[in-house]
file input_10.cif (mmCIF, C-alpha atoms)
data_start
#
loop_
_atom_site.label_atom_id
_atom_site.label_comp_id
_atom_site.auth_asym_id
_atom_site.auth_seq_id
_atom_site.Cartn_x
_atom_site.Cartn_y
_atom_site.Cartn_z
CA MET A 1 -18.40 18.76 20.47
CA PRO A 2 -17.33 16.96 17.26
CA GLN A 3 -18.86 13.68 16.19
CA PHE A 4 -16.87 10.58 15.19
CA ARG A 5 -18.05 7.63 13.15
CA TRP A 6 -16.68 4.37 14.57
CA SER A 7 -16.68 0.63 13.94
CA ALA A 8 -15.46 -2.06 16.33
CA ILE A 9 -15.66 -5.74 17.16
CA ASP A 10 -17.35 -6.61 20.43
CA SER A 11 -16.61 -9.56 22.71
CA GLY A 12 -19.08 -11.76 20.85
CA GLY A 13 -17.42 -11.22 17.49
CA GLU A 14 -20.08 -8.82 16.20
CA ILE A 15 -18.95 -5.89 14.05
CA ALA A 16 -20.77 -2.82 15.37
CA GLY A 17 -20.65 0.84 14.39
CA GLY A 18 -22.16 4.19 15.09
CA VAL A 19 -21.56 7.86 15.76
CA MET A 20 -20.15 9.17 19.06
CA GLU A 21 -19.55 12.65 20.40
CA ALA A 22 -16.09 13.16 21.95
CA ARG A 23 -13.41 15.81 22.21
CA ASP A 24 -11.03 13.88 19.91
CA ARG A 25 -10.40 10.50 18.34
CA ALA A 26 -8.36 9.24 21.30
CA ALA A 27 -11.33 9.73 23.60
CA VAL A 28 -13.53 7.67 21.25
CA VAL A 29 -10.98 4.83 21.19
CA GLU A 30 -10.59 4.89 24.97
CA ARG A 31 -14.36 4.82 25.58
CA LEU A 32 -14.88 1.91 23.18
CA GLN A 33 -12.03 -0.05 24.77
CA ARG A 34 -13.56 0.40 28.21
CA GLN A 35 -16.65 -1.26 26.75
CA GLY A 36 -14.52 -4.29 25.80
CA ARG A 37 -14.56 -3.59 22.06
CA LEU A 38 -11.72 -3.89 19.56
CA VAL A 39 -11.65 -0.63 17.60
CA LEU A 40 -11.31 -0.94 13.82
CA ARG A 41 -11.69 2.71 12.86
CA ALA A 42 -12.81 6.07 14.25
CA GLU A 43 -12.94 9.13 12.02
CA PRO A 44 -14.72 12.51 11.94
CA ALA A 45 -18.34 12.12 10.89
CA ASP A 46 -18.61 15.62 9.42
CA ARG A 47 -17.67 15.36 5.74
CA ARG A 48 -17.20 19.10 5.39
CA ARG A 49 -14.76 19.12 8.29
CA ARG A 50 -12.81 16.25 6.77
CA LEU A 51 -12.66 18.09 3.44
CA VAL A 52 -11.35 21.23 5.16
CA GLU A 53 -8.76 19.18 7.02
CA TRP A 54 -7.73 17.52 3.75
CA LEU A 55 -7.34 20.85 1.96
CA GLN A 56 -5.59 22.54 4.88
CA PHE A 57 -1.82 22.66 4.58
CA GLU A 58 0.01 21.09 7.50
CA PRO A 59 3.66 22.21 7.72
CA VAL A 60 4.32 19.52 10.33
CA ARG A 61 3.36 15.96 9.45
CA PRO A 62 1.40 14.05 12.11
CA ARG A 63 3.68 11.81 14.09
CA ARG A 64 3.74 8.13 13.26
CA LEU A 65 6.10 5.17 13.09
CA ASP A 66 6.93 3.99 9.60
CA ARG A 67 6.69 0.30 8.80
CA THR A 68 10.43 -0.33 9.07
CA VAL A 69 10.69 1.19 12.53
CA LEU A 70 7.53 -0.61 13.63
CA SER A 71 8.91 -4.03 12.66
CA GLU A 72 12.25 -3.26 14.34
CA VAL A 73 10.56 -2.12 17.56
CA THR A 74 8.34 -5.21 17.58
CA ARG A 75 11.32 -7.52 17.13
CA GLU A 76 13.26 -5.78 19.91
CA LEU A 77 10.30 -6.00 22.29
CA ALA A 78 9.90 -9.71 21.50
CA ILE A 79 13.60 -10.35 22.19
CA MET A 80 13.61 -8.40 25.47
CA LEU A 81 10.43 -10.02 26.79
CA GLY A 82 11.58 -13.45 25.63
CA ALA A 83 14.80 -12.94 27.60
CA GLY A 84 12.78 -12.49 30.79
CA GLN A 85 12.76 -8.70 31.04
CA ASP A 86 9.68 -6.94 32.36
CA LEU A 87 7.57 -4.79 30.04
CA ASP A 88 8.71 -1.45 31.47
CA ARG A 89 12.38 -2.29 30.98
CA ALA A 90 11.72 -3.61 27.47
CA LEU A 91 9.90 -0.39 26.54
CA ARG A 92 12.70 1.70 28.02
CA PHE A 93 15.18 -0.25 25.88
CA VAL A 94 13.30 0.44 22.63
CA VAL A 95 12.83 4.11 23.58
CA GLU A 96 16.54 4.59 24.25
CA ASN A 97 17.55 2.78 21.05
CA ALA A 98 15.09 4.54 18.73
CA ALA A 99 17.09 6.41 16.12
CA ARG A 100 14.55 9.13 15.31
CA PRO A 101 13.21 11.70 17.80
CA GLN A 102 9.67 11.20 16.52
CA ALA A 103 9.85 7.46 17.19
CA ARG A 104 11.27 8.08 20.66
CA ALA A 105 8.39 10.46 21.45
CA ILE A 106 5.74 7.94 20.38
CA LEU A 107 7.33 5.03 22.22
CA ASP A 108 7.93 7.13 25.32
CA ALA A 109 4.25 8.11 25.36
CA VAL A 110 3.31 4.42 25.18
CA ARG A 111 5.69 3.62 28.02
CA GLU A 112 4.27 6.39 30.22
CA ARG A 113 0.75 5.06 29.72
CA VAL A 114 1.86 1.55 30.66
CA ARG A 115 3.64 2.90 33.74
CA GLY A 116 0.39 4.66 34.62
CA GLY A 117 -1.46 1.34 34.80
CA SER A 118 -2.71 0.93 31.23
CA SER A 119 -2.33 -2.33 29.37
CA LEU A 120 0.06 -2.38 26.45
CA ALA A 121 -2.75 -2.88 23.94
CA ALA A 122 -4.72 0.09 25.32
CA ALA A 123 -1.59 2.27 25.28
CA LEU A 124 -0.86 1.32 21.67
CA ALA A 125 -4.47 1.94 20.58
CA LEU A 126 -4.11 5.62 21.51
CA GLU A 127 -1.50 5.93 18.73
CA PRO A 128 -3.63 4.71 15.79
CA ARG A 129 -1.37 6.25 13.14
CA SER A 130 1.52 4.08 14.30
CA PHE A 131 -0.21 0.91 15.51
CA PRO A 132 -3.03 -0.40 13.27
CA PRO A 133 -5.98 -2.45 14.60
CA LEU A 134 -4.24 -5.68 13.56
CA TYR A 135 -1.25 -4.83 15.74
CA VAL A 136 -3.38 -3.81 18.73
CA GLY A 137 -5.63 -6.85 18.39
CA LEU A 138 -2.70 -9.27 18.40
CA VAL A 139 -1.10 -7.56 21.39
CA ARG A 140 -4.41 -7.70 23.28
CA ALA A 141 -4.75 -11.40 22.48
CA GLY A 142 -1.18 -12.03 23.64
CA GLU A 143 -1.74 -10.16 26.89
CA SER A 144 -5.00 -11.94 27.67
CA GLY A 145 -3.45 -15.35 26.88
CA GLY A 146 -0.21 -14.72 28.78
CA SER A 147 1.89 -15.25 25.65
CA LEU A 148 2.94 -11.70 24.80
CA PRO A 149 6.60 -12.52 23.90
CA LEU A 150 5.55 -15.26 21.44
CA THR A 151 2.80 -13.04 20.03
CA LEU A 152 5.23 -10.17 19.45
CA GLU A 153 7.68 -12.55 17.78
CA ARG A 154 5.00 -13.75 15.37
CA LEU A 155 3.85 -10.18 14.81
CA ALA A 156 7.42 -9.11 14.01
CA THR A 157 7.67 -11.98 11.51
CA LEU A 158 4.38 -10.86 9.92
CA LEU A 159 5.57 -7.26 9.57
CA GLU A 160 8.94 -8.35 8.18
CA ARG A 161 7.30 -10.60 5.60
CA GLN A 162 4.96 -7.81 4.50
CA ARG A 163 7.86 -5.37 4.28
CA ALA A 164 9.98 -7.86 2.32
CA LEU A 165 7.18 -8.45 -0.21
CA ARG A 166 6.60 -4.72 -0.65
CA ALA A 167 10.34 -4.02 -0.98
CA SER A 168 10.81 -6.77 -3.57
CA LEU A 169 7.93 -5.45 -5.67
CA GLN A 170 9.21 -1.88 -5.50
CA ALA A 171 12.81 -2.86 -6.25
CA ALA A 172 11.74 -4.85 -9.29
CA LEU A 173 9.99 -1.80 -10.76
CA VAL A 174 12.88 0.64 -10.22
CA TYR A 175 14.80 -0.31 -13.37
CA PRO A 176 11.80 -0.03 -15.77
CA ALA A 177 10.95 3.34 -14.21
CA LEU A 178 14.51 4.59 -14.72
CA LEU A 179 14.40 3.43 -18.33
CA VAL A 180 11.18 5.35 -18.96
CA VAL A 181 12.63 8.52 -17.39
CA ALA A 182 15.85 8.17 -19.39
CA ALA A 183 13.88 7.69 -22.61
CA ILE A 184 11.73 10.76 -22.01
CA LEU A 185 14.71 12.94 -21.10
CA SER A 186 16.67 11.77 -24.16
CA ILE A 187 13.82 12.54 -26.53
CA VAL A 188 13.17 15.95 -24.94
CA LEU A 189 16.87 16.80 -25.17
CA LEU A 190 17.06 15.89 -28.85
CA LEU A 191 13.81 17.66 -29.78
CA ASP A 192 14.27 20.85 -27.77
CA PHE A 193 18.02 21.44 -27.86
CA VAL A 194 19.67 19.51 -30.70
CA LEU A 195 17.27 19.78 -33.62
CA PRO A 196 16.67 23.57 -33.31
CA GLN A 197 20.40 24.16 -33.84
CA PHE A 198 20.04 23.26 -37.51
CA GLN A 199 17.31 25.77 -38.34
CA PRO A 200 19.56 28.92 -38.37
CA ILE A 201 22.10 27.15 -40.59
CA PHE A 202 19.52 26.29 -43.23
CA GLU A 203 17.96 29.77 -43.01
CA GLN A 204 21.35 31.37 -43.73
CA ALA A 205 21.80 29.04 -46.68
CA GLY A 206 18.33 29.93 -47.95
CA VAL A 207 17.28 26.29 -48.08
CA ALA A 208 14.41 24.62 -46.30
CA LEU A 209 15.02 21.91 -43.77
CA PRO A 210 14.38 18.33 -44.89
CA ALA A 211 10.82 17.14 -44.38
CA PRO A 212 11.63 14.60 -41.58
CA THR A 213 13.57 17.25 -39.65
CA ARG A 214 10.74 19.80 -40.07
CA ALA A 215 8.20 17.23 -38.87
CA LEU A 216 10.22 16.46 -35.75
CA MET A 217 10.78 20.15 -35.01
CA ALA A 218 7.06 20.82 -35.38
CA LEU A 219 6.38 17.93 -33.03
CA GLY A 220 8.84 19.36 -30.49
CA ASP A 221 7.30 22.86 -30.76
CA ALA A 222 3.79 21.46 -30.33
CA ALA A 223 4.86 19.38 -27.34
CA GLY A 224 6.55 22.39 -25.73
CA ALA A 225 3.52 24.63 -26.28
CA ALA A 226 1.08 22.03 -25.04
CA ALA A 227 3.15 20.94 -22.02
CA PRO A 228 1.60 23.44 -19.52
CA TRP A 229 -1.90 22.56 -20.64
CA VAL A 230 -1.13 18.86 -20.49
CA LEU A 231 0.16 19.26 -16.93
CA LEU A 232 -2.94 21.21 -15.94
CA GLY A 233 -5.12 18.58 -17.56
CA LEU A 234 -3.31 15.79 -15.72
CA ALA A 235 -3.70 17.65 -12.43
CA ALA A 236 -7.42 18.08 -13.08
CA VAL A 237 -7.78 14.40 -13.97
CA VAL A 238 -5.93 13.36 -10.80
CA LEU A 239 -8.12 15.57 -8.61
CA ALA A 240 -11.30 14.37 -10.31
CA ALA A 241 -10.20 10.74 -10.01
CA ARG A 242 -9.40 11.25 -6.36
CA ARG A 243 -12.83 12.68 -5.67
CA MET A 244 -14.52 9.91 -7.63
CA LEU A 245 -12.53 7.19 -5.85
CA ALA A 246 -13.48 8.71 -2.50
CA ARG A 247 -17.04 7.52 -3.22
CA PRO A 248 -17.41 3.85 -2.23
CA GLY A 249 -19.58 2.99 -5.23
CA TYR A 250 -17.09 4.20 -7.84
CA ARG A 251 -14.14 2.85 -5.87
CA LEU A 252 -15.78 -0.57 -5.72
CA ARG A 253 -16.26 -0.63 -9.50
CA VAL A 254 -12.66 0.41 -10.16
CA ASP A 255 -11.26 -2.13 -7.69
CA ARG A 256 -13.38 -4.89 -9.20
CA LEU A 257 -12.17 -3.92 -12.68
CA LEU A 258 -8.52 -3.93 -11.56
CA LEU A 259 -8.86 -7.46 -10.21
CA ARG A 260 -10.12 -8.69 -13.58
CA LEU A 261 -7.35 -7.20 -15.73
CA PRO A 262 -5.20 -9.84 -17.50
CA VAL A 263 -1.75 -9.30 -15.93
CA VAL A 264 -2.15 -6.59 -13.31
CA GLY A 265 -5.29 -8.26 -11.98
CA ARG A 266 -3.51 -11.54 -11.37
CA LEU A 267 -0.68 -9.75 -9.57
CA LEU A 268 -3.20 -7.90 -7.39
CA ARG A 269 -5.05 -11.12 -6.59
CA GLU A 270 -1.85 -12.87 -5.57
CA THR A 271 -0.78 -9.92 -3.40
CA ILE A 272 -4.19 -9.63 -1.74
CA ALA A 273 -4.26 -13.38 -1.10
CA ALA A 274 -0.83 -13.20 0.53
CA ARG A 275 -1.88 -10.29 2.78
CA LEU A 276 -5.20 -11.85 3.74
CA THR A 277 -3.91 -15.34 4.54
CA ARG A 278 -0.83 -14.14 6.44
CA THR A 279 -2.86 -11.74 8.54
CA LEU A 280 -5.60 -14.29 9.16
CA GLY A 281 -3.15 -17.07 9.97
CA THR A 282 -1.21 -14.91 12.40
CA LEU A 283 -4.39 -13.81 14.19
CA LEU A 284 -5.75 -17.36 14.46
CA GLN A 285 -2.37 -18.65 15.59
CA ASN A 286 -2.43 -16.19 18.48
CA GLY A 287 -5.85 -17.23 19.73
CA VAL A 288 -8.13 -14.70 18.04
CA ALA A 289 -11.46 -16.25 17.04
CA LEU A 290 -12.28 -16.59 13.34
CA ILE A 291 -14.98 -13.90 13.09
CA PRO A 292 -13.01 -11.15 14.89
CA ALA A 293 -9.90 -12.23 12.95
CA LEU A 294 -11.73 -11.76 9.65
CA GLY A 295 -12.93 -8.36 10.81
CA ILE A 296 -9.35 -7.27 11.50
CA ALA A 297 -7.89 -8.96 8.40
CA THR A 298 -10.34 -7.03 6.20
CA ASP A 299 -8.30 -3.85 6.76
CA ALA A 300 -5.18 -5.57 5.43
CA VAL A 301 -6.83 -6.32 2.07
CA GLY A 302 -7.08 -2.76 0.73
CA ASN A 303 -9.12 -3.54 -2.38
CA LEU A 304 -12.81 -2.72 -1.77
CA ALA A 305 -14.10 -5.58 -3.91
CA ALA A 306 -11.94 -8.07 -2.00
CA ARG A 307 -12.92 -6.47 1.31
CA ALA A 308 -16.59 -6.86 0.47
CA ALA A 309 -15.98 -10.52 -0.36
CA VAL A 310 -14.19 -11.10 2.97
CA GLU A 311 -16.97 -9.35 4.88
CA ALA A 312 -19.56 -11.52 3.13
CA ALA A 313 -17.47 -14.60 3.93
CA ALA A 314 -17.31 -13.53 7.59
CA ALA A 315 -21.10 -13.20 7.70
CA ALA A 316 -21.50 -16.64 6.08
CA ALA A 317 -18.94 -18.20 8.43
CA LYS A 318 -20.85 -16.82 11.37
CA GLU A 319 -23.91 -18.73 10.12
CA GLY A 320 -21.85 -21.94 9.96
CA ALA A 321 -21.08 -21.99 6.22
CA GLY A 322 -17.31 -22.11 6.73
CA LEU A 323 -14.77 -19.77 5.17
CA ALA A 324 -13.50 -21.34 1.96
CA ARG A 325 -16.89 -21.80 0.30
CA PRO A 326 -18.03 -18.14 0.53
CA LEU A 327 -14.61 -16.95 -0.65
CA ARG A 328 -14.82 -19.27 -3.65
CA ALA A 329 -18.28 -17.93 -4.49
CA ALA A 330 -16.84 -14.40 -4.74
CA GLY A 331 -14.64 -15.48 -7.66
CA LEU A 332 -11.92 -12.93 -6.79
CA PHE A 333 -9.30 -15.04 -5.00
CA PRO A 334 -6.80 -17.54 -6.44
CA PRO A 335 -8.06 -21.15 -6.42
CA ARG A 336 -4.91 -22.29 -4.62
CA MET A 337 -5.76 -20.10 -1.63
CA ILE A 338 -9.32 -21.46 -1.52
CA HIS A 339 -8.12 -25.08 -1.64
CA LEU A 340 -5.59 -24.59 1.14
CA LEU A 341 -8.11 -22.82 3.37
CA GLN A 342 -10.64 -25.58 2.75
CA LEU A 343 -8.02 -28.19 3.60
CA GLY A 344 -7.22 -26.29 6.78
CA GLU A 345 -10.88 -26.23 7.78
CA GLU A 346 -11.31 -29.94 7.13
CA ALA A 347 -8.15 -30.88 9.04
CA ALA A 348 -8.73 -28.34 11.85
CA GLN A 349 -5.43 -26.69 10.90
CA LEU A 350 -6.67 -23.41 9.47
CA PRO A 351 -3.94 -21.18 11.02
CA ALA A 352 -1.09 -23.33 9.69
CA MET A 353 -2.63 -23.75 6.22
CA ALA A 354 -3.36 -20.01 5.98
CA LEU A 355 0.30 -19.24 6.69
CA LYS A 356 1.42 -21.83 4.11
CA ALA A 357 -0.92 -20.24 1.58
CA ALA A 358 0.64 -16.85 2.40
CA ASP A 359 4.14 -18.18 1.67
CA ILE A 360 2.99 -19.63 -1.65
CA HIS A 361 1.25 -16.45 -2.77
CA ASP A 362 4.20 -14.29 -1.68
CA GLU A 363 6.40 -16.33 -3.99
CA GLN A 364 3.83 -16.22 -6.80
CA ALA A 365 3.67 -12.42 -6.56
CA ARG A 366 7.47 -12.17 -6.76
CA LEU A 367 7.59 -14.47 -9.78
CA LEU A 368 4.86 -12.49 -11.55
CA VAL A 369 6.72 -9.22 -10.98
CA GLN A 370 9.93 -10.76 -12.29
CA ARG A 371 8.18 -11.96 -15.43
CA LEU A 372 6.48 -8.61 -15.91
CA VAL A 373 9.79 -6.79 -15.58
CA ALA A 374 11.43 -9.28 -17.94
CA LEU A 375 8.84 -8.27 -20.56
CA LEU A 376 8.78 -4.55 -19.80
CA VAL A 377 12.51 -3.90 -19.94
CA PRO A 378 13.07 -5.14 -23.52
CA GLY A 379 9.86 -3.44 -24.66
CA ILE A 380 10.87 -0.09 -23.18
CA THR A 381 14.40 -0.46 -24.56
CA ILE A 382 13.13 -1.21 -28.07
CA ALA A 383 10.64 1.67 -28.01
CA MET A 384 13.31 4.08 -26.74
CA GLY A 385 15.77 2.83 -29.37
CA LEU A 386 13.25 3.32 -32.18
CA ALA A 387 12.37 6.84 -31.04
CA VAL A 388 16.00 7.91 -30.67
CA ALA A 389 16.90 6.24 -33.96
CA GLY A 390 14.15 8.19 -35.73
CA ILE A 391 15.41 11.49 -34.32
CA ILE A 392 19.02 10.68 -35.21
CA ALA A 393 17.92 9.72 -38.72
CA ALA A 394 16.31 13.16 -39.07
CA LEU A 395 19.55 14.75 -37.83
CA LEU A 396 21.64 12.77 -40.31
CA THR A 397 19.27 13.76 -43.11
CA ALA A 398 19.82 17.41 -42.23
CA VAL A 399 23.62 16.98 -42.05
CA LEU A 400 23.74 15.18 -45.40
CA SER A 401 21.65 17.94 -46.94
CA LEU A 402 24.22 20.50 -45.74
CA ASN A 403 26.98 18.44 -47.29
CA ASP A 404 25.12 18.35 -50.58
CA LEU A 405 24.77 22.14 -50.48
CA ALA A 406 28.49 22.58 -49.78
CA ALA A 407 29.34 20.31 -52.71
#

call {"tool": "encode", "arguments": {"input": "input_10.cif", "output": "structure tokens"}}
result
Amino acid sequence: MPQFRWSAIDSGGEIAGGVMEARDRAAVVERLQRQGRLVLRAEPADRRRRLVEWLQFEPVRPRRLDRTVLSEVTRELAIMLGAGQDLDRALRFVVENAARPQARAILDAVRERVRGGSSLAAALALEPRSFPPLYVGLVRAGESGGSLPLTLERLATLLERQRALRASLQAALVYPALLVVAAILSIVLLLDFVLPQFQPIFEQAGVALPAPTRALMALGDAAGAAAPWVLLGLAAVVLAARRMLARPGYRLRVDRLLLRLPVVGRLLRETIAARLTRTLGTLLQNGVALIPALGIATDAVGNLAARAAVEAAAAAAKEGAGLARPLRAAGLFPPRMIHLLQLGEEAAQLPAMALKAADIHDEQARLLVQRLVALLVPGITIAMGLAVAGIIAALLTAVLSLNDLAA
């Protein structure tokens, strides 16, 4: 029977872990939930098996709800339950209105478990690819506190804010990416298809090409010959980097370095602060205690260096040191976030101040991306213009040389 490595938060707020034998991951989750634990992760303990599974080609992708569908389903459930409908009817509504067959299958499986006597949180936990620990933890807190409609409404707002921030960052980077692609295609077209057209003409005339044109043609030939090797080298670098980053020690160093970069590091810190404070504020607002909330919010951070800092802050908070002071000692988070969290602790308004900090850092991340794009676009345009101008100058030199020969 396969072994699974798990970590979970028990009823006392302790983060525990270990290895368990079970037929599959769902059985591990179900057994831990029967013990009253909130499951954070459960994955195969055999590294060789995980490597084989990673290398194995899967023609059918494992079923899961994407983030857009998840936020829509959560909002619909909140509306139906807020209107006084029972849970079974609300689940039937979202199943019937799901646009994709995969989403309908997942939601229908959740509904069948609920109809069989399972709680909603337990039914969702058996679909870990679709419903993360944060989602399950909030639903469990809402069920235990009798405020499931309000909890789902806040959870839908959290998911929509996260999706809006991600969409704004991605949309801002689309135009620079298109400029880079257009520049590369233009240069390749000129070097590989336009410049070589002049070589036969000069060979027939018995005259050598001008030096700038020869240099550019040699550059194009070298780039074309080296392209396969460059692609193979890039593939090897990507695979090596992936294997290196799979090791926690190397990943921690890289993540710490990224946070300390001049521009990118600040953007990452603002984004991480927004994720952490919004997740933490939403959990605390729905009645989850601080230590379990920090354990769940750690998964929303992503960066290993920041995760280690949050875990250390959780351990310090458990000893009575508070939250803001250990986070400040890490030196990885924006000072504004630390000040707002400290103010929330002093005024006994930590959930509200965490959510206000999230709004501020969301806006700061958007402004940073806008400024970065405002600098990137002119820089890319100028570089593309200079490269194309150099190639056109070489073309004009060749054309003028032909005119001189004809004269």

call {"tool": "resolve_selection", "arguments": {"input": "input_10.cif", "expression": "the PyMOL selection byres ((chain A and resi 276) around 8)", "output": "VMD selection string"}}
result
chain A and resid 272 to 275 277 to 280 297 to 298 300 to 301 358

call {"tool": "resolve_selection", "arguments": {"input": "input_10.cif", "expression": "the PyMOL selection byres ((chain A and resi 267) around 9)", "output": "ChimeraX atom specification"}}
result
/A:259,263-266,268-272,364-366,368-369

call {"tool": "residues_around", "arguments": {"input": "input_10.cif", "residues": "A:Glu21", "least_positions_apart": "4", "cutoff": "9 Å", "atoms": "all atoms listed in the file", "output": "list of chain:residue names"}}
result
A:Met1, A:Pro2, A:Gln3, A:Phe4, A:Arg5, A:Val28

call {"tool": "write_last_selection", "arguments": {"input": "input_10.cif", "atoms": "C-alpha atoms", "output": "JSON list (two decimals), in the frame of the given file"}}
result
[["chain", "number", "residue", "atom", "x", "y", "z"],
["A", 1, "MET", "CA", -18.40, 18.76, 20.47],
["A", 2, "PRO", "CA", -17.33, 16.96, 17.26],
["A", 3, "GLN", "CA", -18.86, 13.68, 16.19],
["A", 4, "PHE", "CA", -16.87, 10.58, 15.19],
["A", 5, "ARG", "CA", -18.05, 7.63, 13.15],
["A", 28, "VAL", "CA", -13.53, 7.67, 21.25]]

call {"tool": "closest_residue", "arguments": {"input": "input_10.cif", "among": "A:Arg115, A:Ala26, A:Ala78, A:Met20", "to": "A:Glu127", "atoms": "all atoms listed in the file"}}
result
A:Ala26

call {"tool": "atom_distance", "arguments": {"input": "input_10.cif", "atom1": "atom CA of A:Ala246", "atom2": "atom CA of A:Pro44"}}
result
15.0 Å

call {"tool": "resolve_selection", "arguments": {"input": "input_10.cif", "expression": "the PyMOL selection byres ((chain A and resi 186-190) around 12)", "output": "PyMOL selection string"}}
result
chain A and resi 179-185+191-198+213+216-217+219-221+223-224+227+383-395

call {"tool": "write_last_selection", "arguments": {"input": "input_10.cif", "atoms": "C-alpha atoms", "output": "CSV table (one decimal), in the frame of the given file"}}
result
chain,number,residue,atom,x,y,z
A,179,LEU,CA,14.4,3.4,-18.3
A,180,VAL,CA,11.2,5.4,-19.0
A,181,VAL,CA,12.6,8.5,-17.4
A,182,ALA,CA,15.8,8.2,-19.4
A,183,ALA,CA,13.9,7.7,-22.6
A,184,ILE,CA,11.7,10.8,-22.0
A,185,LEU,CA,14.7,12.9,-21.1
A,191,LEU,CA,13.8,17.7,-29.8
A,192,ASP,CA,14.3,20.8,-27.8
A,193,PHE,CA,18.0,21.4,-27.9
A,194,VAL,CA,19.7,19.5,-30.7
A,195,LEU,CA,17.3,19.8,-33.6
A,196,PRO,CA,16.7,23.6,-33.3
A,197,GLN,CA,20.4,24.2,-33.8
A,198,PHE,CA,20.0,23.3,-37.5
A,213,THR,CA,13.6,17.2,-39.6
A,216,LEU,CA,10.2,16.5,-35.8
A,217,MET,CA,10.8,20.2,-35.0
A,219,LEU,CA,6.4,17.9,-33.0
A,220,GLY,CA,8.8,19.4,-30.5
A,221,ASP,CA,7.3,22.9,-30.8
A,223,ALA,CA,4.9,19.4,-27.3
A,224,GLY,CA,6.6,22.4,-25.7
A,227,ALA,CA,3.2,20.9,-22.0
A,383,ALA,CA,10.6,1.7,-28.0
A,384,MET,CA,13.3,4.1,-26.7
A,385,GLY,CA,15.8,2.8,-29.4
A,386,LEU,CA,13.2,3.3,-32.2
A,387,ALA,CA,12.4,6.8,-31.0
A,388,VAL,CA,16.0,7.9,-30.7
A,389,ALA,CA,16.9,6.2,-34.0
A,390,GLY,CA,14.2,8.2,-35.7
A,391,ILE,CA,15.4,11.5,-34.3
A,392,ILE,CA,19.0,10.7,-35.2
A,393,ALA,CA,17.9,9.7,-38.7
A,394,ALA,CA,16.3,13.2,-39.1
A,395,LEU,CA,19.6,14.8,-37.8

call {"tool": "residues_around", "arguments": {"input": "input_10.cif", "residues": "A:Ala314", "least_positions_apart": "2", "cutoff": "12 Å", "atoms": "all atoms listed in the file", "output": "PDB file with C-alpha atoms, in the coordinates of the input"}}
result
ATOM      1  CA  GLY A  13     -17.420 -11.220  17.490  1.00  0.00           C
ATOM      2  CA  GLU A  14     -20.080  -8.820  16.200  1.00  0.00           C
ATOM      3  CA  ILE A  15     -18.950  -5.890  14.050  1.00  0.00           C
ATOM      4  CA  LEU A 280      -5.600 -14.290   9.160  1.00  0.00           C
ATOM      5  CA  ALA A 289     -11.460 -16.250  17.040  1.00  0.00           C
ATOM      6  CA  LEU A 290     -12.280 -16.590  13.340  1.00  0.00           C
ATOM      7  CA  ILE A 291     -14.980 -13.900  13.090  1.00  0.00           C
ATOM      8  CA  PRO A 292     -13.010 -11.150  14.890  1.00  0.00           C
ATOM      9  CA  ALA A 293      -9.900 -12.230  12.950  1.00  0.00           C
ATOM     10  CA  LEU A 294     -11.730 -11.760   9.650  1.00  0.00           C
ATOM     11  CA  GLY A 295     -12.930  -8.360  10.810  1.00  0.00           C
ATOM     12  CA  ILE A 296      -9.350  -7.270  11.500  1.00  0.00           C
ATOM     13  CA  ALA A 297      -7.890  -8.960   8.400  1.00  0.00           C
ATOM     14  CA  THR A 298     -10.340  -7.030   6.200  1.00  0.00           C
ATOM     15  CA  ARG A 307     -12.920  -6.470   1.310  1.00  0.00           C
ATOM     16  CA  ALA A 308     -16.590  -6.860   0.470  1.00  0.00           C
ATOM     17  CA  ALA A 309     -15.980 -10.520  -0.360  1.00  0.00           C
ATOM     18  CA  VAL A 310     -14.190 -11.100   2.970  1.00  0.00           C
ATOM     19  CA  GLU A 311     -16.970  -9.350   4.880  1.00  0.00           C
ATOM     20  CA  ALA A 312     -19.560 -11.520   3.130  1.00  0.00           C
ATOM     21  CA  ALA A 316     -21.500 -16.640   6.080  1.00  0.00           C
ATOM     22  CA  ALA A 317     -18.940 -18.200   8.430  1.00  0.00           C
ATOM     23  CA  LYS A 318     -20.850 -16.820  11.370  1.00  0.00           C
ATOM     24  CA  GLU A 319     -23.910 -18.730  10.120  1.00  0.00           C
ATOM     25  CA  GLY A 320     -21.850 -21.940   9.960  1.00  0.00           C
ATOM     26  CA  ALA A 321     -21.080 -21.990   6.220  1.00  0.00           C
ATOM     27  CA  GLY A 322     -17.310 -22.110   6.730  1.00  0.00           C
ATOM     28  CA  LEU A 323     -14.770 -19.770   5.170  1.00  0.00           C
ATOM     29  CA  ALA A 324     -13.500 -21.340   1.960  1.00  0.00           C
ATOM     30  CA  ARG A 325     -16.890 -21.800   0.300  1.00  0.00           C
ATOM     31  CA  PRO A 326     -18.030 -18.140   0.530  1.00  0.00           C
ATOM     32  CA  LEU A 327     -14.610 -16.950  -0.650  1.00  0.00           C
TER      33      LEU A 327
END

call {"tool": "atom_distance", "arguments": {"input": "input_10.cif", "atom1": "atom CA of A:Leu81", "atom2": "atom CA of A:Pro149"}}
result
5.4 Å

call {"tool": "atom_distance", "arguments": {"input": "input_10.cif", "atom1": "atom CA of A:Val73", "atom2": "atom CA of A:Trp6"}}
result
28.2 Å
